>>> print(open('work.pdb').read())   # PDB, C-alpha atoms (C1' of nucleotides)
ATOM      1  CA  MET O   7      13.043 136.964 102.528
ATOM      2  CA  SER O   8      15.327 139.355 100.821
ATOM      3  CA  ALA O   9      13.695 141.332  98.055
ATOM      4  CA  THR O  10      16.955 142.884  97.053
ATOM      5  CA  SER O  11      19.019 139.893  95.990
ATOM      6  CA  ALA O  12      17.371 139.606  92.581
ATOM      7  CA  ASP O  13      17.631 143.350  92.103
ATOM      8  CA  ASP O  14      21.328 143.197  92.850
ATOM      9  CA  SER O  15      21.863 140.450  90.298
ATOM     10  CA  LEU O  16      20.233 142.508  87.557
ATOM     11  CA  ALA O  17      22.308 145.549  88.469
ATOM     12  CA  ARG O  18      25.466 143.421  88.552
ATOM     13  CA  LEU O  19      24.733 141.947  85.153
ATOM     14  CA  LEU O  20      24.005 145.310  83.532
ATOM     15  CA  ALA O  21      27.264 146.718  84.843
ATOM     16  CA  GLU O  22      29.171 144.346  82.554
ATOM     17  CA  PRO O  23      30.209 145.244  78.984
ATOM     18  CA  ALA O  24      27.478 144.907  76.351
ATOM     19  CA  LEU O  25      29.130 141.913  74.742
ATOM     20  CA  GLU O  26      28.843 140.010  78.037
ATOM     21  CA  VAL O  27      25.365 141.253  78.850
ATOM     22  CA  ALA O  28      23.678 140.613  75.511
ATOM     23  CA  PRO O  29      23.687 136.797  75.406
ATOM     24  CA  ARG O  30      22.774 136.643  79.077
ATOM     25  CA  LEU O  31      19.591 138.610  78.477
ATOM     26  CA  LEU O  32      18.248 135.874  76.220
ATOM     27  CA  GLY O  33      15.369 134.059  77.870
ATOM     28  CA  SER O  34      14.566 137.000  80.146
ATOM     29  CA  VAL O  35      11.082 138.434  80.213
ATOM     30  CA  PHE O  36      10.941 142.168  79.505
ATOM     31  CA  TRP O  37       7.793 143.751  80.913
ATOM     32  CA  SER O  38       6.079 146.932  79.776
ATOM     33  CA  GLY O  39       3.049 147.257  81.991
ATOM     34  CA  ARG O  40       0.982 144.101  81.517
ATOM     35  CA  VAL O  41       2.728 142.932  78.354
ATOM     36  CA  GLY O  42       5.667 140.570  78.807
ATOM     37  CA  VAL O  43       8.067 139.459  76.077
ATOM     38  CA  ARG O  44      10.554 136.627  76.457
ATOM     39  CA  LEU O  45      13.672 137.816  74.664
ATOM     40  CA  THR O  46      14.919 135.554  71.890
ATOM     41  CA  GLU O  47      17.173 137.901  69.904
ATOM     42  CA  VAL O  48      19.437 140.784  70.970
ATOM     43  CA  GLU O  49      22.429 142.734  69.671
ATOM     44  CA  ALA O  50      25.346 144.359  71.503
ATOM     45  CA  TYR O  51      26.545 147.867  70.661
ATOM     46  CA  HIS O  52      29.666 149.415  72.102
ATOM     47  CA  GLY O  53      30.419 153.029  72.800
ATOM     48  CA  GLN O  54      32.165 156.013  71.363
ATOM     49  CA  GLY O  55      34.998 155.187  69.000
ATOM     50  CA  GLN O  56      34.665 151.464  69.665
ATOM     51  CA  ASP O  57      31.958 150.351  67.284
ATOM     52  CA  PRO O  58      31.230 151.916  63.884
ATOM     53  CA  GLY O  59      27.731 150.442  63.963
ATOM     54  CA  SER O  60      26.743 152.157  67.193
ATOM     55  CA  HIS O  61      24.672 155.313  67.424
ATOM     56  CA  ALA O  62      27.195 156.454  70.032
ATOM     57  CA  HIS O  63      30.219 155.902  67.796
ATOM     58  CA  ARG O  64      30.646 159.588  66.984
ATOM     59  CA  GLY O  65      29.929 160.779  70.479
ATOM     60  CA  ARG O  66      26.983 162.273  72.234
ATOM     61  CA  SER O  67      24.167 163.863  70.269
ATOM     62  CA  ALA O  68      20.593 165.001  70.796
ATOM     63  CA  ARG O  69      19.283 161.553  69.947
ATOM     64  CA  ASN O  70      21.642 159.239  71.791
ATOM     65  CA  GLY O  71      22.011 161.109  75.090
ATOM     66  CA  SER O  72      20.404 158.373  77.150
ATOM     67  CA  MET O  73      23.080 155.909  76.020
ATOM     68  CA  PHE O  74      25.507 157.923  78.137
ATOM     69  CA  GLU O  75      23.404 157.477  81.274
ATOM     70  CA  ASP O  76      23.999 154.725  83.788
ATOM     71  CA  ALA O  77      23.280 151.045  83.282
ATOM     72  CA  GLY O  78      19.606 150.158  83.367
ATOM     73  CA  THR O  79      18.506 153.239  81.441
ATOM     74  CA  LEU O  80      16.397 152.602  78.351
ATOM     75  CA  TYR O  81      17.507 154.144  75.067
ATOM     76  CA  VAL O  82      14.543 154.492  72.697
ATOM     77  CA  TYR O  83      14.981 155.867  69.192
ATOM     78  CA  LEU O  84      12.931 156.274  66.047
ATOM     79  CA  SER O  85      14.037 153.910  63.316
ATOM     80  CA  TYR O  86      13.463 154.718  59.658
ATOM     81  CA  GLY O  87      11.149 157.501  60.707
ATOM     82  CA  ILE O  88       8.521 155.000  61.790
ATOM     83  CA  HIS O  89       9.492 152.379  64.343
ATOM     84  CA  ARG O  90      10.404 152.702  67.974
ATOM     85  CA  CYS O  91      13.327 150.496  69.001
ATOM     86  CA  VAL O  92      14.508 149.793  72.538
ATOM     87  CA  ASN O  93      17.990 149.335  74.002
ATOM     88  CA  ILE O  94      19.057 148.560  77.535
ATOM     89  CA  VAL O  95      22.054 150.712  78.443
ATOM     90  CA  CYS O  96      24.781 148.703  80.153
ATOM     91  CA  GLY O  97      28.446 148.761  81.061
ATOM     92  CA  PRO O  98      30.294 151.500  82.920
ATOM     93  CA  GLU O  99      28.470 154.831  83.077
ATOM     94  CA  GLY O 100      29.414 157.143  80.239
ATOM     95  CA  TYR O 101      30.722 154.279  78.107
ATOM     96  CA  ALA O 102      27.528 154.464  76.018
ATOM     97  CA  SER O 103      27.140 150.779  75.309
ATOM     98  CA  GLY O 104      23.838 149.001  75.125
ATOM     99  CA  VAL O 105      21.850 145.985  74.036
ATOM    100  CA  LEU O 106      19.202 146.300  71.327
ATOM    101  CA  LEU O 107      16.124 144.173  71.968
ATOM    102  CA  ARG O 108      15.450 142.693  68.556
ATOM    103  CA  ALA O 109      12.797 140.033  69.023
ATOM    104  CA  GLY O 110      10.896 137.902  71.475
ATOM    105  CA  GLU O 111       7.889 135.810  72.282
ATOM    106  CA  VAL O 112       4.873 137.517  73.820
ATOM    107  CA  VAL O 113       4.185 135.531  76.995
ATOM    108  CA  ALA O 114       1.730 137.879  78.724
ATOM    109  CA  GLY O 115      -0.740 140.553  77.696
ATOM    110  CA  LEU O 116      -1.394 138.849  74.368
ATOM    111  CA  ASP O 117      -4.595 140.771  73.659
ATOM    112  CA  GLU O 118      -2.961 144.099  74.336
ATOM    113  CA  ALA O 119       0.003 143.228  72.117
ATOM    114  CA  ARG O 120      -2.294 142.039  69.362
ATOM    115  CA  SER O 121      -4.335 145.219  69.434
ATOM    116  CA  ARG O 122      -1.168 147.214  68.807
ATOM    117  CA  ARG O 123       0.064 144.883  66.089
ATOM    118  CA  THR O 124      -2.965 144.487  63.887
ATOM    119  CA  THR O 125      -0.894 143.511  60.851
ATOM    120  CA  SER O 126       0.600 140.446  62.500
ATOM    121  CA  ARG O 127      -0.554 137.145  61.044
ATOM    122  CA  SER O 128       0.607 134.837  63.790
ATOM    123  CA  PRO O 129       1.674 134.980  67.437
ATOM    124  CA  ALA O 130       5.290 134.610  66.375
ATOM    125  CA  ASP O 131       4.984 137.811  64.323
ATOM    126  CA  LEU O 132       3.963 139.978  67.249
ATOM    127  CA  ALA O 133       7.481 140.872  68.352
ATOM    128  CA  ARG O 134       9.713 139.428  65.608
ATOM    129  CA  GLY O 135      11.964 142.368  64.768
ATOM    130  CA  PRO O 136      12.929 145.428  66.828
ATOM    131  CA  GLY O 137      10.198 147.711  65.476
ATOM    132  CA  ARG O 138       7.529 145.102  66.046
ATOM    133  CA  LEU O 139       8.815 144.404  69.540
ATOM    134  CA  GLY O 140       8.668 148.106  70.409
ATOM    135  CA  SER O 141       5.187 148.340  68.991
ATOM    136  CA  ALA O 142       3.895 145.256  70.821
ATOM    137  CA  LEU O 143       5.196 146.722  74.078
ATOM    138  CA  GLY O 144       3.631 150.124  73.409
ATOM    139  CA  ILE O 145       6.992 151.887  73.545
ATOM    140  CA  GLU O 146       6.955 155.586  72.679
ATOM    141  CA  LEU O 147       9.698 158.120  72.106
ATOM    142  CA  GLY O 148       8.819 159.705  75.432
ATOM    143  CA  ASP O 149       9.976 156.490  77.104
ATOM    144  CA  ASP O 150      13.567 157.301  76.169
ATOM    145  CA  GLY O 151      15.605 157.608  79.360
ATOM    146  CA  SER O 152      13.236 155.485  81.466
ATOM    147  CA  ARG O 153      14.615 153.164  84.121
ATOM    148  CA  LEU O 154      14.497 149.398  83.915
ATOM    149  CA  VAL O 155      14.165 147.595  87.237
ATOM    150  CA  ASP O 156      14.144 144.008  88.379
ATOM    151  CA  ASP O 157      10.732 142.380  88.120
ATOM    152  CA  ALA O 158      10.062 141.633  91.770
ATOM    153  CA  PRO O 159       6.753 141.148  93.595
ATOM    154  CA  GLY O 160       5.185 144.499  94.390
ATOM    155  CA  GLN O 161       7.352 146.303  91.886
ATOM    156  CA  GLU O 162       5.152 148.879  90.182
ATOM    157  CA  ALA O 163       7.557 150.378  87.681
ATOM    158  CA  ARG O 164       6.340 150.097  84.103
ATOM    159  CA  PHE O 165       9.551 148.579  82.724
ATOM    160  CA  ARG O 166      10.786 145.467  84.479
ATOM    161  CA  LEU O 167      13.093 142.594  83.619
ATOM    162  CA  ARG O 168      12.996 139.040  84.934
ATOM    163  CA  LEU O 169      16.190 137.128  84.352
ATOM    164  CA  PRO O 170      15.868 133.490  83.323
ATOM    165  CA  SER O 171      15.759 130.972  86.136
ATOM    166  CA  ALA O 172      16.553 127.910  84.055
ATOM    167  CA  PRO O 173      19.375 127.124  81.632
ATOM    168  CA  LEU O 174      18.757 128.044  77.998
ATOM    169  CA  GLY O 175      19.109 126.056  74.830
ATOM    170  CA  PRO O 176      21.917 126.730  72.376
ATOM    171  CA  VAL O 177      22.691 130.358  71.564
ATOM    172  CA  ALA O 178      23.558 131.429  68.034
ATOM    173  CA  ALA O 179      25.945 134.327  67.362
ATOM    174  CA  GLY O 180      26.384 136.177  64.081
ATOM    175  CA  PRO O 181      26.642 139.561  62.391
ATOM    176  CA  ARG O 182      24.206 142.260  63.387
ATOM    177  CA  VAL O 183      21.207 142.974  61.192
ATOM    178  CA  GLY O 184      21.154 145.982  58.876
ATOM    179  CA  VAL O 185      24.393 147.387  60.245
ATOM    180  CA  SER O 186      27.002 148.820  57.892
ATOM    181  CA  GLY O 187      30.525 149.756  58.863
ATOM    182  CA  HIS O 188      31.541 146.124  59.099
ATOM    183  CA  ALA O 189      34.758 145.579  57.249
ATOM    184  CA  GLY O 190      34.095 142.061  56.112
ATOM    185  CA  GLY O 191      30.726 141.463  57.690
ATOM    186  CA  ASP O 192      31.929 139.154  60.435
ATOM    187  CA  ALA O 193      34.035 141.710  62.271
ATOM    188  CA  PHE O 194      31.245 142.242  64.795
ATOM    189  CA  PRO O 195      29.391 138.967  65.415
ATOM    190  CA  TRP O 196      27.404 140.627  68.156
ATOM    191  CA  ARG O 197      23.917 139.391  67.414
ATOM    192  CA  PHE O 198      22.722 136.648  69.743
ATOM    193  CA  SER O 199      19.599 134.538  69.472
ATOM    194  CA  LEU O 200      18.018 131.373  70.784
ATOM    195  CA  GLU O 201      18.781 128.849  68.098
ATOM    196  CA  GLY O 202      15.781 127.664  66.151
ATOM    197  CA  ASP O 203      13.246 129.852  67.941
ATOM    198  CA  PRO O 204      10.414 130.862  65.579
ATOM    199  CA  THR O 205      10.319 134.425  66.880
ATOM    200  CA  VAL O 206      13.880 135.220  65.783
ATOM    201  CA  SER O 207      13.923 137.687  62.874
ATOM    202  CA  PRO O 208      15.567 136.819  59.549
ATOM    203  CA  TYR O 209      19.055 138.143  58.824
ATOM    204  CA  ARG O 210      19.384 141.076  56.449
ATOM    205  CA  ALA O 211      22.520 142.868  55.348
ATOM    206  CA  ALA O 212      22.694 146.651  55.516
ATOM    207  CA  VAL O 213      20.703 148.313  52.765
ATOM    208  CA  SER O 214      22.614 150.223  50.172
ATOM    209  CA  ARG O 215      20.395 153.024  49.017
ATOM    210  CA  ARG O 216      20.384 153.415  45.289
ATOM    211  CA  ARG O 217      18.191 156.186  44.057
ATOM    212  CA  GLY O 218      18.230 157.492  40.534
ATOM    213  CA  GLY O 219      21.275 155.439  39.720
ATOM    214  CA  ALA O 220      24.832 156.641  39.454
TER
ATOM    215  C1'  DT Y  25      20.996 174.727  54.246
ATOM    216  C1'  DA Y  26      20.973 170.655  51.702
ATOM    217  C1'  DG Y  27      21.650 165.823  50.901
ATOM    218  C1'  DA Y  28      22.060 161.122  52.089
ATOM    219  C1'  DA Y  29      21.685 157.174  55.012
ATOM    220  C1'  DG Y  30      19.530 154.689  58.440
ATOM    221  C1'  DA Y  31      20.157 149.092  64.383
ATOM    222  C1'  DT Y  32      12.785 148.398  59.570
ATOM    223  C1'  DA Y  33       8.186 146.579  58.116
ATOM    224  C1'  DG Y  34       4.903 145.412  54.933
ATOM    225  C1'  DG Y  35       3.236 144.371  50.596
ATOM    226  C1'  DA Y  36       3.709 142.758  45.473
TER
ATOM    227  C1'  DC H  23      12.049 142.028  45.445
ATOM    228  C1'  DC H  24      10.705 146.920  46.217
ATOM    229  C1'  DT H  25       9.262 150.967  48.561
ATOM    230  C1'  DA H  26       7.071 153.966  52.259
ATOM    231  C1'  DT H  27       8.592 157.220  55.657
ATOM    232  C1'  DC H  28      11.001 161.026  58.146
ATOM    233  C1'  DT H  29      14.517 161.882  61.603
ATOM    234  C1'  DT H  30      19.269 162.505  62.361
ATOM    235  C1'  DC H  31      23.715 163.494  61.053
ATOM    236  C1'  DT H  32      27.379 165.429  58.135
ATOM    237  C1'  DA H  33      29.320 168.325  54.820
ATOM    238  C1'  DG H  34      29.520 172.772  52.568
TER
END
>>> encode(input="work.pdb", output="structure tokens")
Amino acid sequence: MSATSADDSLARLLAEPALEVAPRLLGSVFWSGRVGVRLTEVEAYHGQGQDPGSHAHRGRSARNGSMFEDAGTLYVYLSYGIHRCVNIVCGPEGYASGVLLRAGEVVAGLDEARSRRTTSRSPADLARGPGRLGSALGIELGDDGSRLVDDAPGQEARFRLRLPSAPLGPVAAGPRVGVSGHAGGDAFPWRFSLEGDPTVSPYRAAVSRRRGGA
DNA sequence: TAGAAGATAGGA
DNA sequence: CCTATCTTCTAG
């Protein structure tokens, strides 16, 4: 039995551009220790100068350094000063593209996820939205730059990914959530989700901050 | 050094 | 619908 074939397929997938990788991550189970989340919603972000919505658009900075690492690195950042969001870096090394994990269904470690997400009112709420997903998985800022490996028997790494073994249902594509810099809104339909899944987060346009008026 | 915006969540 | 929350980035 070859234990490396599955590992190779994950590495091969993550070497592709983010726009190819993102929809193909749907249905995978992302593991953080004993908690597993089946991904139902993701977004693709491209690299420097390619994508005005990307944290890497204006080049490398203190925050986004891990986006410039090789495929399979995790990019974790603090969102709105509160939430920890997770990306899987993909594409050619140095291209700084990645896939934001936006939502999923908790399929293992339910008690642990629940204890971290005490405000959730239903199982579908546990990881519906990128901040909630990060919280349910116990992601911390110190996890930025961690490696993601294939979830194979005997694999002891904390962060693992199991690609789907069966075909998925229909995939929906649309504009990314809360991202400005879109000319008309549909210039970057790089959000992908499993159609009709209850754990997919609702769409919201980018917030325009209005404080104290004009 | 200062100001504004940001890949959100939760509550009214 | 509104606001808490605070880091990061950009301009001056």
>>> closest_residue(input="work.pdb", among="O:Arg30, O:Arg168, O:His89, O:Arg210", to="chain H", atoms="only C-alpha atoms (C1' of nucleotides)")
O:His89
>>> resolve_selection(input="work.pdb", expression="the PyMOL selection byres ((chain O) within 8 of (chain H))", output="VMD selection string")
chain O and resid 69 84 86 to 88
>>> residues_around(input="work.pdb", residues="Asp149 of chain O", least_positions_apart="4", cutoff="9 Å", atoms="only C-alpha atoms (C1' of nucleotides)", output="list in words")
Leu80, Tyr81, Val82 and Ile145 of chain O
>>> atom_distance(input="work.pdb", atom1="atom CA of Leu32 of chain O", atom2="atom CA of Ser103 of chain O")
17.4 Å
>>> closest_residue(input="work.pdb", among="O:Glu49, O:Glu22, O:Glu75, O:Glu201", to="chain Y", atoms="only C-alpha atoms (C1' of nucleotides)")
O:Glu49
